[in-house]
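This is input_4.pdb (PDB, C-alpha atoms).
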MODEL        1
ATOM      1  CA  ALA A   1      41.035 -77.362 -30.644  1.00  0.00           C
ATOM      2  CA  GLY A   2      41.118 -74.226 -28.529  1.00  0.00           C
ATOM      3  CA  LEU A   3      44.019 -72.692 -30.512  1.00  0.00           C
ATOM      4  CA  ILE A   4      43.769 -69.679 -32.818  1.00  0.00           C
ATOM      5  CA  PRO A   5      45.884 -69.719 -35.999  1.00  0.00           C
ATOM      6  CA  THR A   6      48.596 -67.062 -35.763  1.00  0.00           C
ATOM      7  CA  LEU A   7      47.344 -65.262 -38.865  1.00  0.00           C
ATOM      8  CA  LEU A   8      43.878 -64.774 -37.381  1.00  0.00           C
ATOM      9  CA  ASP A   9      45.316 -63.673 -34.039  1.00  0.00           C
ATOM     10  CA  GLN A  10      47.233 -60.717 -35.489  1.00  0.00           C
ATOM     11  CA  PRO A  11      45.681 -57.272 -34.949  1.00  0.00           C
ATOM     12  CA  GLN A  12      45.014 -55.277 -38.097  1.00  0.00           C
ATOM     13  CA  SER A  13      47.535 -52.674 -36.910  1.00  0.00           C
ATOM     14  CA  ASP A  14      50.304 -55.177 -37.757  1.00  0.00           C
ATOM     15  CA  PHE A  15      49.415 -54.901 -41.441  1.00  0.00           C
ATOM     16  CA  GLU A  16      51.961 -52.410 -42.743  1.00  0.00           C
ATOM     17  CA  LEU A  17      51.932 -52.770 -46.533  1.00  0.00           C
ATOM     18  CA  PRO A  18      51.520 -49.127 -47.644  1.00  0.00           C
ATOM     19  CA  GLY A  19      48.477 -48.087 -49.656  1.00  0.00           C
ATOM     20  CA  LYS A  20      46.416 -51.177 -48.947  1.00  0.00           C
ATOM     21  CA  HIS A  21      42.930 -51.628 -47.531  1.00  0.00           C
ATOM     22  CA  PRO A  22      43.197 -52.611 -43.843  1.00  0.00           C
ATOM     23  CA  ASP A  23      40.970 -55.675 -44.297  1.00  0.00           C
ATOM     24  CA  LEU A  24      43.301 -57.432 -46.714  1.00  0.00           C
ATOM     25  CA  VAL A  25      44.688 -60.696 -45.328  1.00  0.00           C
ATOM     26  CA  VAL A  26      48.440 -61.226 -45.055  1.00  0.00           C
ATOM     27  CA  LEU A  27      49.433 -64.789 -45.902  1.00  0.00           C
ATOM     28  CA  ASN A  28      53.160 -64.068 -45.859  1.00  0.00           C
ATOM     29  CA  ASP A  29      55.335 -60.978 -45.481  1.00  0.00           C
ATOM     30  CA  LYS A  30      58.694 -62.453 -46.629  1.00  0.00           C
ATOM     31  CA  PRO A  31      57.858 -62.077 -49.466  1.00  0.00           C
ATOM     32  CA  TRP A  32      54.563 -60.191 -49.380  1.00  0.00           C
ATOM     33  CA  ASN A  33      51.540 -62.338 -50.246  1.00  0.00           C
ATOM     34  CA  VAL A  34      48.317 -60.541 -49.450  1.00  0.00           C
ATOM     35  CA  GLU A  35      44.802 -61.699 -50.269  1.00  0.00           C
ATOM     36  CA  THR A  36      41.681 -59.654 -50.904  1.00  0.00           C
ATOM     37  CA  PRO A  37      38.607 -60.909 -49.000  1.00  0.00           C
ATOM     38  CA  ALA A  38      35.961 -61.899 -51.530  1.00  0.00           C
ATOM     39  CA  HIS A  39      33.428 -59.351 -50.279  1.00  0.00           C
ATOM     40  CA  LEU A  40      35.791 -56.522 -51.285  1.00  0.00           C
ATOM     41  CA  LEU A  41      35.988 -57.725 -54.896  1.00  0.00           C
ATOM     42  CA  ASP A  42      32.747 -55.976 -55.861  1.00  0.00           C
ATOM     43  CA  ASP A  43      34.139 -53.338 -58.236  1.00  0.00           C
ATOM     44  CA  ASP A  44      34.115 -53.646 -62.029  1.00  0.00           C
ATOM     45  CA  ILE A  45      37.633 -52.206 -61.879  1.00  0.00           C
ATOM     46  CA  THR A  46      39.572 -53.250 -58.779  1.00  0.00           C
ATOM     47  CA  PRO A  47      41.043 -50.217 -56.966  1.00  0.00           C
ATOM     48  CA  ALA A  48      44.751 -50.403 -56.209  1.00  0.00           C
ATOM     49  CA  ASP A  49      44.150 -50.585 -52.454  1.00  0.00           C
ATOM     50  CA  LYS A  50      42.073 -53.771 -52.898  1.00  0.00           C
ATOM     51  CA  PHE A  51      44.332 -55.440 -55.476  1.00  0.00           C
ATOM     52  CA  PHE A  52      45.940 -58.656 -54.198  1.00  0.00           C
ATOM     53  CA  VAL A  53      49.731 -58.897 -53.855  1.00  0.00           C
ATOM     54  CA  ARG A  54      51.840 -61.892 -54.864  1.00  0.00           C
ATOM     55  CA  ASN A  55      55.610 -61.496 -54.664  1.00  0.00           C
ATOM     56  CA  ASN A  56      58.475 -63.959 -54.965  1.00  0.00           C
ATOM     57  CA  GLY A  57      61.323 -61.690 -53.869  1.00  0.00           C
ATOM     58  CA  LEU A  58      61.883 -58.412 -52.054  1.00  0.00           C
ATOM     59  CA  VAL A  59      60.358 -55.217 -53.440  1.00  0.00           C
ATOM     60  CA  PRO A  60      63.091 -53.088 -55.075  1.00  0.00           C
ATOM     61  CA  GLU A  61      64.036 -49.826 -53.399  1.00  0.00           C
ATOM     62  CA  ASN A  62      65.305 -46.398 -54.540  1.00  0.00           C
ATOM     63  CA  ILE A  63      63.681 -46.606 -57.963  1.00  0.00           C
ATOM     64  CA  ASP A  64      64.502 -43.773 -60.378  1.00  0.00           C
ATOM     65  CA  VAL A  65      62.056 -43.812 -63.269  1.00  0.00           C
ATOM     66  CA  ASP A  66      64.283 -41.457 -65.276  1.00  0.00           C
ATOM     67  CA  THR A  67      67.140 -43.973 -65.360  1.00  0.00           C
ATOM     68  CA  TRP A  68      65.057 -47.157 -65.546  1.00  0.00           C
ATOM     69  CA  GLU A  69      65.884 -49.309 -68.569  1.00  0.00           C
ATOM     70  CA  LEU A  70      64.362 -52.298 -70.338  1.00  0.00           C
ATOM     71  CA  THR A  71      66.717 -54.536 -72.299  1.00  0.00           C
ATOM     72  CA  ILE A  72      65.459 -56.824 -75.056  1.00  0.00           C
ATOM     73  CA  ASP A  73      67.879 -59.705 -75.649  1.00  0.00           C
ATOM     74  CA  GLY A  74      67.966 -63.445 -76.325  1.00  0.00           C
ATOM     75  CA  GLU A  75      68.977 -65.900 -78.999  1.00  0.00           C
ATOM     76  CA  SER A  76      66.136 -64.893 -81.306  1.00  0.00           C
ATOM     77  CA  ILE A  77      66.814 -61.199 -81.930  1.00  0.00           C
ATOM     78  CA  PRO A  78      69.599 -59.707 -84.074  1.00  0.00           C
ATOM     79  CA  GLU A  79      71.283 -57.915 -81.144  1.00  0.00           C
ATOM     80  CA  PRO A  80      70.335 -56.665 -77.662  1.00  0.00           C
ATOM     81  CA  ILE A  81      68.713 -53.236 -77.455  1.00  0.00           C
ATOM     82  CA  THR A  82      67.802 -51.099 -74.446  1.00  0.00           C
ATOM     83  CA  PHE A  83      64.918 -48.646 -74.054  1.00  0.00           C
ATOM     84  CA  SER A  84      64.233 -46.085 -71.374  1.00  0.00           C
ATOM     85  CA  ILE A  85      60.622 -45.712 -70.265  1.00  0.00           C
ATOM     86  CA  ALA A  86      60.559 -42.295 -71.931  1.00  0.00           C
ATOM     87  CA  GLN A  87      61.641 -43.924 -75.206  1.00  0.00           C
ATOM     88  CA  LEU A  88      58.941 -46.586 -74.947  1.00  0.00           C
ATOM     89  CA  LYS A  89      56.326 -43.855 -74.518  1.00  0.00           C
ATOM     90  CA  GLU A  90      57.754 -41.776 -77.349  1.00  0.00           C
ATOM     91  CA  LEU A  91      58.334 -44.495 -79.931  1.00  0.00           C
ATOM     92  CA  PHE A  92      55.245 -46.665 -79.485  1.00  0.00           C
ATOM     93  CA  LYS A  93      51.513 -46.059 -79.273  1.00  0.00           C
ATOM     94  CA  ALA A  94      49.948 -46.603 -75.847  1.00  0.00           C
ATOM     95  CA  TYR A  95      46.897 -48.800 -75.335  1.00  0.00           C
ATOM     96  CA  THR A  96      44.611 -49.400 -72.359  1.00  0.00           C
ATOM     97  CA  TYR A  97      42.929 -52.719 -71.589  1.00  0.00           C
ATOM     98  CA  GLN A  98      40.856 -53.903 -68.645  1.00  0.00           C
ATOM     99  CA  LEU A  99      42.405 -57.270 -67.778  1.00  0.00           C
ATOM    100  CA  THR A 100      42.048 -59.822 -65.018  1.00  0.00           C
ATOM    101  CA  ILE A 101      45.173 -60.950 -63.176  1.00  0.00           C
ATOM    102  CA  GLU A 102      44.878 -64.165 -61.133  1.00  0.00           C
ATOM    103  CA  CYS A 103      47.488 -66.069 -59.159  1.00  0.00           C
ATOM    104  CA  GLY A 104      47.863 -69.672 -60.297  1.00  0.00           C
ATOM    105  CA  GLY A 105      47.438 -70.674 -56.632  1.00  0.00           C
ATOM    106  CA  ASN A 106      44.028 -69.035 -56.205  1.00  0.00           C
ATOM    107  CA  GLY A 107      41.724 -71.476 -54.407  1.00  0.00           C
ATOM    108  CA  ARG A 108      44.599 -73.584 -53.068  1.00  0.00           C
ATOM    109  CA  ALA A 109      43.146 -73.574 -49.526  1.00  0.00           C
ATOM    110  CA  GLU A 110      40.230 -75.673 -50.809  1.00  0.00           C
ATOM    111  CA  PHE A 111      42.446 -78.569 -51.908  1.00  0.00           C
ATOM    112  CA  ASN A 112      42.155 -81.877 -50.063  1.00  0.00           C
ATOM    113  CA  PRO A 113      44.692 -83.251 -49.417  1.00  0.00           C
ATOM    114  CA  PRO A 114      46.345 -79.852 -48.834  1.00  0.00           C
ATOM    115  CA  ALA A 115      48.755 -78.493 -51.430  1.00  0.00           C
ATOM    116  CA  LYS A 116      52.029 -76.757 -50.618  1.00  0.00           C
ATOM    117  CA  GLY A 117      52.339 -72.988 -50.879  1.00  0.00           C
ATOM    118  CA  ASN A 118      50.405 -69.962 -49.693  1.00  0.00           C
ATOM    119  CA  GLN A 119      46.889 -71.003 -48.744  1.00  0.00           C
ATOM    120  CA  TRP A 120      44.918 -68.611 -50.925  1.00  0.00           C
ATOM    121  CA  THR A 121      41.145 -68.873 -50.656  1.00  0.00           C
ATOM    122  CA  VAL A 122      39.415 -67.060 -53.542  1.00  0.00           C
ATOM    123  CA  GLY A 123      40.885 -63.544 -53.299  1.00  0.00           C
ATOM    124  CA  ALA A 124      44.076 -63.854 -55.360  1.00  0.00           C
ATOM    125  CA  VAL A 125      42.373 -62.274 -58.362  1.00  0.00           C
ATOM    126  CA  SER A 126      41.778 -58.673 -59.413  1.00  0.00           C
ATOM    127  CA  CYS A 127      40.784 -56.718 -62.518  1.00  0.00           C
ATOM    128  CA  ALA A 128      42.347 -53.339 -63.298  1.00  0.00           C
ATOM    129  CA  THR A 129      42.854 -51.176 -66.361  1.00  0.00           C
ATOM    130  CA  TRP A 130      46.426 -51.288 -67.614  1.00  0.00           C
ATOM    131  CA  THR A 131      48.036 -48.747 -69.923  1.00  0.00           C
ATOM    132  CA  GLY A 132      51.239 -49.380 -71.797  1.00  0.00           C
ATOM    133  CA  VAL A 133      52.762 -50.233 -75.149  1.00  0.00           C
ATOM    134  CA  ARG A 134      52.194 -53.498 -76.914  1.00  0.00           C
ATOM    135  CA  LEU A 135      55.053 -55.944 -76.521  1.00  0.00           C
ATOM    136  CA  ARG A 136      54.469 -57.014 -80.131  1.00  0.00           C
ATOM    137  CA  ASP A 137      55.178 -53.471 -81.357  1.00  0.00           C
ATOM    138  CA  VAL A 138      58.446 -53.322 -79.447  1.00  0.00           C
ATOM    139  CA  LEU A 139      59.536 -56.746 -80.674  1.00  0.00           C
ATOM    140  CA  ALA A 140      58.649 -55.816 -84.255  1.00  0.00           C
ATOM    141  CA  ASP A 141      60.881 -52.774 -83.931  1.00  0.00           C
ATOM    142  CA  VAL A 142      63.737 -54.852 -82.513  1.00  0.00           C
ATOM    143  CA  GLY A 143      63.278 -57.669 -85.010  1.00  0.00           C
ATOM    144  CA  ILE A 144      62.508 -61.316 -84.280  1.00  0.00           C
ATOM    145  CA  LYS A 145      64.241 -64.273 -85.895  1.00  0.00           C
ATOM    146  CA  GLU A 146      62.189 -67.153 -87.310  1.00  0.00           C
ATOM    147  CA  ASN A 147      63.412 -69.447 -84.532  1.00  0.00           C
ATOM    148  CA  ALA A 148      61.672 -67.425 -81.782  1.00  0.00           C
ATOM    149  CA  VAL A 149      59.685 -69.790 -79.546  1.00  0.00           C
ATOM    150  CA  TYR A 150      59.214 -68.115 -76.164  1.00  0.00           C
ATOM    151  CA  ILE A 151      59.782 -64.939 -74.193  1.00  0.00           C
ATOM    152  CA  GLY A 152      61.069 -64.771 -70.630  1.00  0.00           C
ATOM    153  CA  TYR A 153      61.142 -61.746 -68.349  1.00  0.00           C
ATOM    154  CA  HIS A 154      63.720 -60.379 -65.922  1.00  0.00           C
ATOM    155  CA  ALA A 155      63.010 -58.012 -63.066  1.00  0.00           C
ATOM    156  CA  ALA A 156      64.546 -55.873 -60.348  1.00  0.00           C
ATOM    157  CA  ASP A 157      63.115 -57.578 -57.266  1.00  0.00           C
ATOM    158  CA  LEU A 158      65.788 -59.019 -54.956  1.00  0.00           C
ATOM    159  CA  HIS A 159      66.079 -62.709 -54.089  1.00  0.00           C
ATOM    160  CA  LEU A 160      65.084 -63.488 -50.490  1.00  0.00           C
ATOM    161  CA  SER A 161      68.673 -64.563 -49.803  1.00  0.00           C
ATOM    162  CA  GLY A 162      69.886 -61.082 -50.699  1.00  0.00           C
ATOM    163  CA  ASP A 163      72.080 -62.545 -53.445  1.00  0.00           C
ATOM    164  CA  PRO A 164      71.905 -60.104 -56.416  1.00  0.00           C
ATOM    165  CA  ASP A 165      72.975 -62.879 -58.795  1.00  0.00           C
ATOM    166  CA  LYS A 166      69.855 -64.938 -58.090  1.00  0.00           C
ATOM    167  CA  GLU A 167      66.493 -64.193 -59.704  1.00  0.00           C
ATOM    168  CA  PRO A 168      63.434 -64.727 -57.464  1.00  0.00           C
ATOM    169  CA  ILE A 169      61.368 -65.596 -60.531  1.00  0.00           C
ATOM    170  CA  SER A 170      61.804 -65.447 -64.308  1.00  0.00           C
ATOM    171  CA  ARG A 171      58.877 -66.901 -66.152  1.00  0.00           C
ATOM    172  CA  GLY A 172      57.488 -66.406 -69.634  1.00  0.00           C
ATOM    173  CA  ALA A 173      55.068 -67.338 -72.383  1.00  0.00           C
ATOM    174  CA  PRO A 174      55.013 -68.704 -75.942  1.00  0.00           C
ATOM    175  CA  MET A 175      55.389 -66.206 -78.775  1.00  0.00           C
ATOM    176  CA  ALA A 176      51.684 -66.500 -79.640  1.00  0.00           C
ATOM    177  CA  LYS A 177      50.832 -65.045 -76.236  1.00  0.00           C
ATOM    178  CA  ALA A 178      53.661 -62.508 -76.317  1.00  0.00           C
ATOM    179  CA  LEU A 179      52.380 -61.166 -79.638  1.00  0.00           C
ATOM    180  CA  GLN A 180      48.726 -60.752 -78.626  1.00  0.00           C
ATOM    181  CA  ASP A 181      47.460 -57.172 -78.818  1.00  0.00           C
ATOM    182  CA  GLU A 182      46.695 -57.022 -75.099  1.00  0.00           C
ATOM    183  CA  THR A 183      50.104 -58.242 -73.886  1.00  0.00           C
ATOM    184  CA  LEU A 184      51.553 -54.988 -72.606  1.00  0.00           C
ATOM    185  CA  LEU A 185      54.653 -53.351 -71.218  1.00  0.00           C
ATOM    186  CA  ALA A 186      52.551 -51.381 -68.753  1.00  0.00           C
ATOM    187  CA  PHE A 187      53.364 -48.188 -66.894  1.00  0.00           C
ATOM    188  CA  LYS A 188      49.914 -47.180 -65.612  1.00  0.00           C
ATOM    189  CA  MET A 189      47.270 -48.968 -63.533  1.00  0.00           C
ATOM    190  CA  ASN A 190      43.773 -47.479 -63.357  1.00  0.00           C
ATOM    191  CA  GLY A 191      45.073 -44.330 -65.017  1.00  0.00           C
ATOM    192  CA  GLU A 192      47.817 -43.672 -62.459  1.00  0.00           C
ATOM    193  CA  ASP A 193      51.443 -44.682 -62.113  1.00  0.00           C
ATOM    194  CA  ILE A 194      51.540 -48.345 -61.119  1.00  0.00           C
ATOM    195  CA  PRO A 195      51.916 -48.608 -57.314  1.00  0.00           C
ATOM    196  CA  LEU A 196      55.279 -49.922 -56.147  1.00  0.00           C
ATOM    197  CA  ALA A 197      53.730 -53.153 -54.809  1.00  0.00           C
ATOM    198  CA  HIS A 198      52.343 -53.862 -58.279  1.00  0.00           C
ATOM    199  CA  GLY A 199      55.460 -53.308 -60.353  1.00  0.00           C
ATOM    200  CA  TYR A 200      56.323 -49.600 -60.628  1.00  0.00           C
ATOM    201  CA  PRO A 201      57.646 -48.241 -62.880  1.00  0.00           C
ATOM    202  CA  LEU A 202      57.171 -50.946 -65.561  1.00  0.00           C
ATOM    203  CA  ARG A 203      55.641 -54.391 -65.666  1.00  0.00           C
ATOM    204  CA  LEU A 204      54.530 -57.043 -68.105  1.00  0.00           C
ATOM    205  CA  ILE A 205      50.812 -57.722 -68.374  1.00  0.00           C
ATOM    206  CA  ALA A 206      49.583 -60.961 -69.942  1.00  0.00           C
ATOM    207  CA  GLY A 207      45.937 -61.271 -68.936  1.00  0.00           C
ATOM    208  CA  GLY A 208      44.270 -64.668 -69.043  1.00  0.00           C
ATOM    209  CA  TRP A 209      47.428 -66.524 -68.057  1.00  0.00           C
ATOM    210  CA  PRO A 210      48.638 -67.206 -64.492  1.00  0.00           C
ATOM    211  CA  ALA A 211      49.714 -63.896 -62.987  1.00  0.00           C
ATOM    212  CA  SER A 212      53.288 -65.168 -62.606  1.00  0.00           C
ATOM    213  CA  VAL A 213      53.662 -64.483 -66.347  1.00  0.00           C
ATOM    214  CA  SER A 214      52.961 -60.775 -65.712  1.00  0.00           C
ATOM    215  CA  GLY A 215      56.354 -59.929 -64.251  1.00  0.00           C
ATOM    216  CA  LYS A 216      56.678 -56.816 -62.076  1.00  0.00           C
ATOM    217  CA  TRP A 217      59.583 -54.293 -61.906  1.00  0.00           C
ATOM    218  CA  LEU A 218      60.470 -55.278 -65.454  1.00  0.00           C
ATOM    219  CA  THR A 219      64.080 -54.797 -66.582  1.00  0.00           C
ATOM    220  CA  GLY A 220      64.365 -57.286 -69.419  1.00  0.00           C
ATOM    221  CA  ILE A 221      62.631 -59.447 -71.999  1.00  0.00           C
ATOM    222  CA  SER A 222      64.548 -62.356 -73.517  1.00  0.00           C
ATOM    223  CA  VAL A 223      63.327 -63.721 -76.850  1.00  0.00           C
ATOM    224  CA  ARG A 224      64.265 -67.381 -76.727  1.00  0.00           C
ATOM    225  CA  ASP A 225      64.807 -70.116 -79.301  1.00  0.00           C
ATOM    226  CA  LYS A 226      63.475 -72.642 -76.777  1.00  0.00           C
ATOM    227  CA  VAL A 227      60.975 -72.744 -73.938  1.00  0.00           C
ATOM    228  CA  HIS A 228      62.227 -70.221 -71.385  1.00  0.00           C
ATOM    229  CA  ASP A 229      64.151 -71.962 -68.594  1.00  0.00           C
ATOM    230  CA  GLY A 230      64.222 -69.176 -66.007  1.00  0.00           C
ATOM    231  CA  THR A 231      63.672 -69.540 -62.261  1.00  0.00           C
ATOM    232  CA  LYS A 232      60.348 -71.235 -61.426  1.00  0.00           C
ATOM    233  CA  MET A 233      59.781 -72.239 -65.050  1.00  0.00           C
ATOM    234  CA  THR A 234      61.383 -75.672 -64.819  1.00  0.00           C
ATOM    235  CA  GLY A 235      59.628 -77.099 -61.756  1.00  0.00           C
TER     236      GLY A 235
ENDMDL
END

Exercise: express the given structure as structure tokens:
Amino acid sequence: AGLIPTLLDQPQSDFELPGKHPDLVVLNDKPWNVETPAHLLDDDITPADKFFVRNNGLVPENIDVDTWELTIDGESIPEPITFSIAQLKELFKAYTYQLTIECGGNGRAEFNPPAKGNQWTVGAVSCATWTGVRLRDVLADVGIKENAVYIGYHAADLHLSGDPDKEPISRGAPMAKALQDETLLAFKMNGEDIPLAHGYPLRLIAGGWPASVSGKWLTGISVRDKVHDGTKMTG
């Protein structure tokens, strides 16, 4: 009684995530976790400045799209292969889908007794248009063995410890989800290059599943012969 939570006591001028609406609510800045107030979610297509942010590590710096590479590897492909973004655009047809992305923790603040983690209310959800190539087309080109069970992603964000050998998060999905038409290797959001906070220059999009499956700053896809056991997949 009589005390103001620190988050509510911060002036809006302290909010320094570039390109974001000033009324977004910062739940955490190490890593960035930023919620969209519900009254701002009134667009059919969520603008980038109102799109919520959920990170697990530090945003990568000094990105060069011309040298960015995506490696497809794992037990269930004949051999690893690497694509540049230019090659992905050249070799595969691009598709655009309007898809909802929602953090698995959305609504956590309403739990009683309280649950651990960022206390999202109802604003960890957004709906944008995403343009990219179908993951299924890329995997068909690479070749998938019959024992393929799961995919897992790898990304360029840095672990909070600063240790480059640790992945902040590496989650995935069963092959049935990976091979859906609307599961994309995306390079555009709302018709523009994806903003850095949302995964520039390449990210995975798997709408309808917890947003942690839609890995940002994508550098790799592993096709596994078992359920992916990456960071934050095993509990």

Test item: residues at most 8 Å from Gln119 (chain A), only C-alpha atoms, excluding those fewer than 3 positions along its chain, as a list in words: Leu27, Gly105, Gly107, Arg108, Ala109 and Lys116 of chain A

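You can rank A:Asp165, A:Glu35, A:Glu146, A:Asp141 by their closest distance to Val122 (chain A) using all atoms listed in the file, and at the top of that list sits A:Glu35.
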
The PyMOL selection byres ((chain A and resi 58) around 6) resolved against shown file, as a PyMOL selection string: chain A and resi 57+59+157-158

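Proximity ranking of A:Gly132, A:Gly123, A:Gly143, A:Pro210 relative to Lys89 (chain A) places A:Gly132 first, based on all atoms listed in the file.
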
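Nearest to Ala128 (chain A) of all the residues A:Ile169, A:Ala94, A:Ile194, A:Ala86 is A:Ile194, based on only C-alpha atoms.
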
Hits of the PyMOL selection byres ((chain A and resi 65) around 9) in this structure, as a ChimeraX atom specification: /A:63-64,66-69,84-86,200-202

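Between CA of Val125 (chain A) and CA of Gly104 (chain A) the separation is 9.4 Å.
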
Near-Asn56 (chain A) list (10 Å; all atoms listed in the file; drop same-chain fewer than 3 positions) as an mmCIF file with C-alpha atoms, in the frame of the given file:
data_model
loop_
_atom_site.group_PDB
_atom_site.id
_atom_site.type_symbol
_atom_site.label_atom_id
_atom_site.label_comp_id
_atom_site.auth_asym_id
_atom_site.auth_seq_id
_atom_site.Cartn_x
_atom_site.Cartn_y
_atom_site.Cartn_z
ATOM 1 C CA LYS A 30 58.694 -62.453 -46.629
ATOM 2 C CA PRO A 31 57.858 -62.077 -49.466
ATOM 3 C CA TRP A 32 54.563 -60.191 -49.380
ATOM 4 C CA ASN A 33 51.540 -62.338 -50.246
ATOM 5 C CA VAL A 59 60.358 -55.217 -53.440
ATOM 6 C CA ASP A 157 63.115 -57.578 -57.266
ATOM 7 C CA LEU A 158 65.788 -59.019 -54.956
ATOM 8 C CA HIS A 159 66.079 -62.709 -54.089
ATOM 9 C CA LEU A 160 65.084 -63.488 -50.490
ATOM 10 C CA GLU A 167 66.493 -64.193 -59.704
ATOM 11 C CA PRO A 168 63.434 -64.727 -57.464
ATOM 12 C CA ILE A 169 61.368 -65.596 -60.531
ATOM 13 C CA SER A 212 53.288 -65.168 -62.606
ATOM 14 C CA LYS A 232 60.348 -71.235 -61.426
#

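Using the PyMOL selection byres ((chain A and resi 36) around 7) on this structure selects Leu24, Val25, Val34, Glu35, Pro37, Ala38, Leu40, Lys50, Phe51, Phe52, Gly123 and Ala124 of chain A.
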
Separation of CA of Met175 (chain A) from CA of Val138 (chain A) in Å: 13.3 Å

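In this model, the gap between CA of Val149 (chain A) and CA of Glu75 (chain A) comes to 10.1 Å.
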
Near-Ala211 (chain A) list (12 Å; all atoms listed in the file; drop same-chain fewer than 6 positions) as a VMD selection string: chain A and resid 52 to 56 99 to 106 124 to 127 171 to 173 198 203 to 205

Nearest residue to Gly220 (chain A) from the set A:Pro60, A:Pro18, A:Gly152, A:Gly117 (distances using only C-alpha atoms): A:Gly152

Residues within 12 Å of Ala176 (chain A), only C-alpha atoms, excluding chain neighbours under 2 positions, as number ranges by chain: A: 135-136, 148-151, 172-174, 178-183, 206

Near-Gly19 (chain A) list (10 Å; all atoms listed in the file; drop same-chain fewer than 6 positions) as a VMD selection string: chain A and resid 48 to 50 195 to 197

Could you write out the selected residues, including C-alpha atoms, as a PDB file, keeping the file's coordinate frame?
ATOM      1  CA  ALA A  48      44.751 -50.403 -56.209  1.00  0.00           C
ATOM      2  CA  ASP A  49      44.150 -50.585 -52.454  1.00  0.00           C
ATOM      3  CA  LYS A  50      42.073 -53.771 -52.898  1.00  0.00           C
ATOM      4  CA  PRO A 195      51.916 -48.608 -57.314  1.00  0.00           C
ATOM      5  CA  LEU A 196      55.279 -49.922 -56.147  1.00  0.00           C
ATOM      6  CA  ALA A 197      53.730 -53.153 -54.809  1.00  0.00           C
TER       7      ALA A 197
END

Could region 119-123 of chain A be completed with all heavy atoms and returned as an mmCIF file, in the coordinates of the input?
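Below is the file that was written, rebuild_20.cif:
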data_model
loop_
_atom_site.group_PDB
_atom_site.id
_atom_site.type_symbol
_atom_site.label_atom_id
_atom_site.label_comp_id
_atom_site.auth_asym_id
_atom_site.auth_seq_id
_atom_site.Cartn_x
_atom_site.Cartn_y
_atom_site.Cartn_z
ATOM 1 N N GLN A 119 48.240 -70.445 -48.749
ATOM 2 C CA GLN A 119 46.889 -71.003 -48.744
ATOM 3 C C GLN A 119 45.854 -69.945 -49.127
ATOM 4 O O GLN A 119 45.042 -69.504 -48.323
ATOM 5 C CB GLN A 119 46.593 -71.636 -47.383
ATOM 6 C CG GLN A 119 47.488 -72.820 -47.047
ATOM 7 C CD GLN A 119 47.369 -73.939 -48.072
ATOM 8 O OE1 GLN A 119 46.292 -74.502 -48.271
ATOM 9 N NE2 GLN A 119 48.477 -74.278 -48.739
ATOM 10 N N TRP A 120 45.897 -69.560 -50.403
ATOM 11 C CA TRP A 120 44.918 -68.611 -50.925
ATOM 12 C C TRP A 120 43.518 -69.226 -50.860
ATOM 13 O O TRP A 120 43.339 -70.407 -51.143
ATOM 14 C CB TRP A 120 45.220 -68.285 -52.386
ATOM 15 C CG TRP A 120 46.585 -67.740 -52.661
ATOM 16 C CD1 TRP A 120 47.679 -68.427 -53.085
ATOM 17 C CD2 TRP A 120 47.006 -66.372 -52.532
ATOM 18 N NE1 TRP A 120 48.757 -67.589 -53.241
ATOM 19 C CE2 TRP A 120 48.371 -66.317 -52.913
ATOM 20 C CE3 TRP A 120 46.374 -65.192 -52.159
ATOM 21 C CZ2 TRP A 120 49.102 -65.128 -52.919
ATOM 22 C CZ3 TRP A 120 47.095 -64.011 -52.159
ATOM 23 C CH2 TRP A 120 48.438 -63.981 -52.532
ATOM 24 N N THR A 121 42.533 -68.409 -50.521
ATOM 25 C CA THR A 121 41.145 -68.873 -50.656
ATOM 26 C C THR A 121 40.677 -68.493 -52.060
ATOM 27 O O THR A 121 41.057 -69.141 -53.029
ATOM 28 C CB THR A 121 40.253 -68.300 -49.538
ATOM 29 O OG1 THR A 121 40.254 -66.862 -49.564
ATOM 30 C CG2 THR A 121 40.748 -68.773 -48.182
ATOM 31 N N VAL A 122 39.879 -67.427 -52.202
ATOM 32 C CA VAL A 122 39.415 -67.060 -53.542
ATOM 33 C C VAL A 122 39.728 -65.601 -53.871
ATOM 34 O O VAL A 122 39.169 -65.041 -54.810
ATOM 35 C CB VAL A 122 37.906 -67.332 -53.713
ATOM 36 C CG1 VAL A 122 37.628 -68.828 -53.636
ATOM 37 C CG2 VAL A 122 37.090 -66.577 -52.670
ATOM 38 N N GLY A 123 40.645 -64.967 -53.115
ATOM 39 C CA GLY A 123 40.885 -63.544 -53.299
ATOM 40 C C GLY A 123 42.172 -63.183 -54.003
ATOM 41 O O GLY A 123 42.558 -62.011 -54.007
#
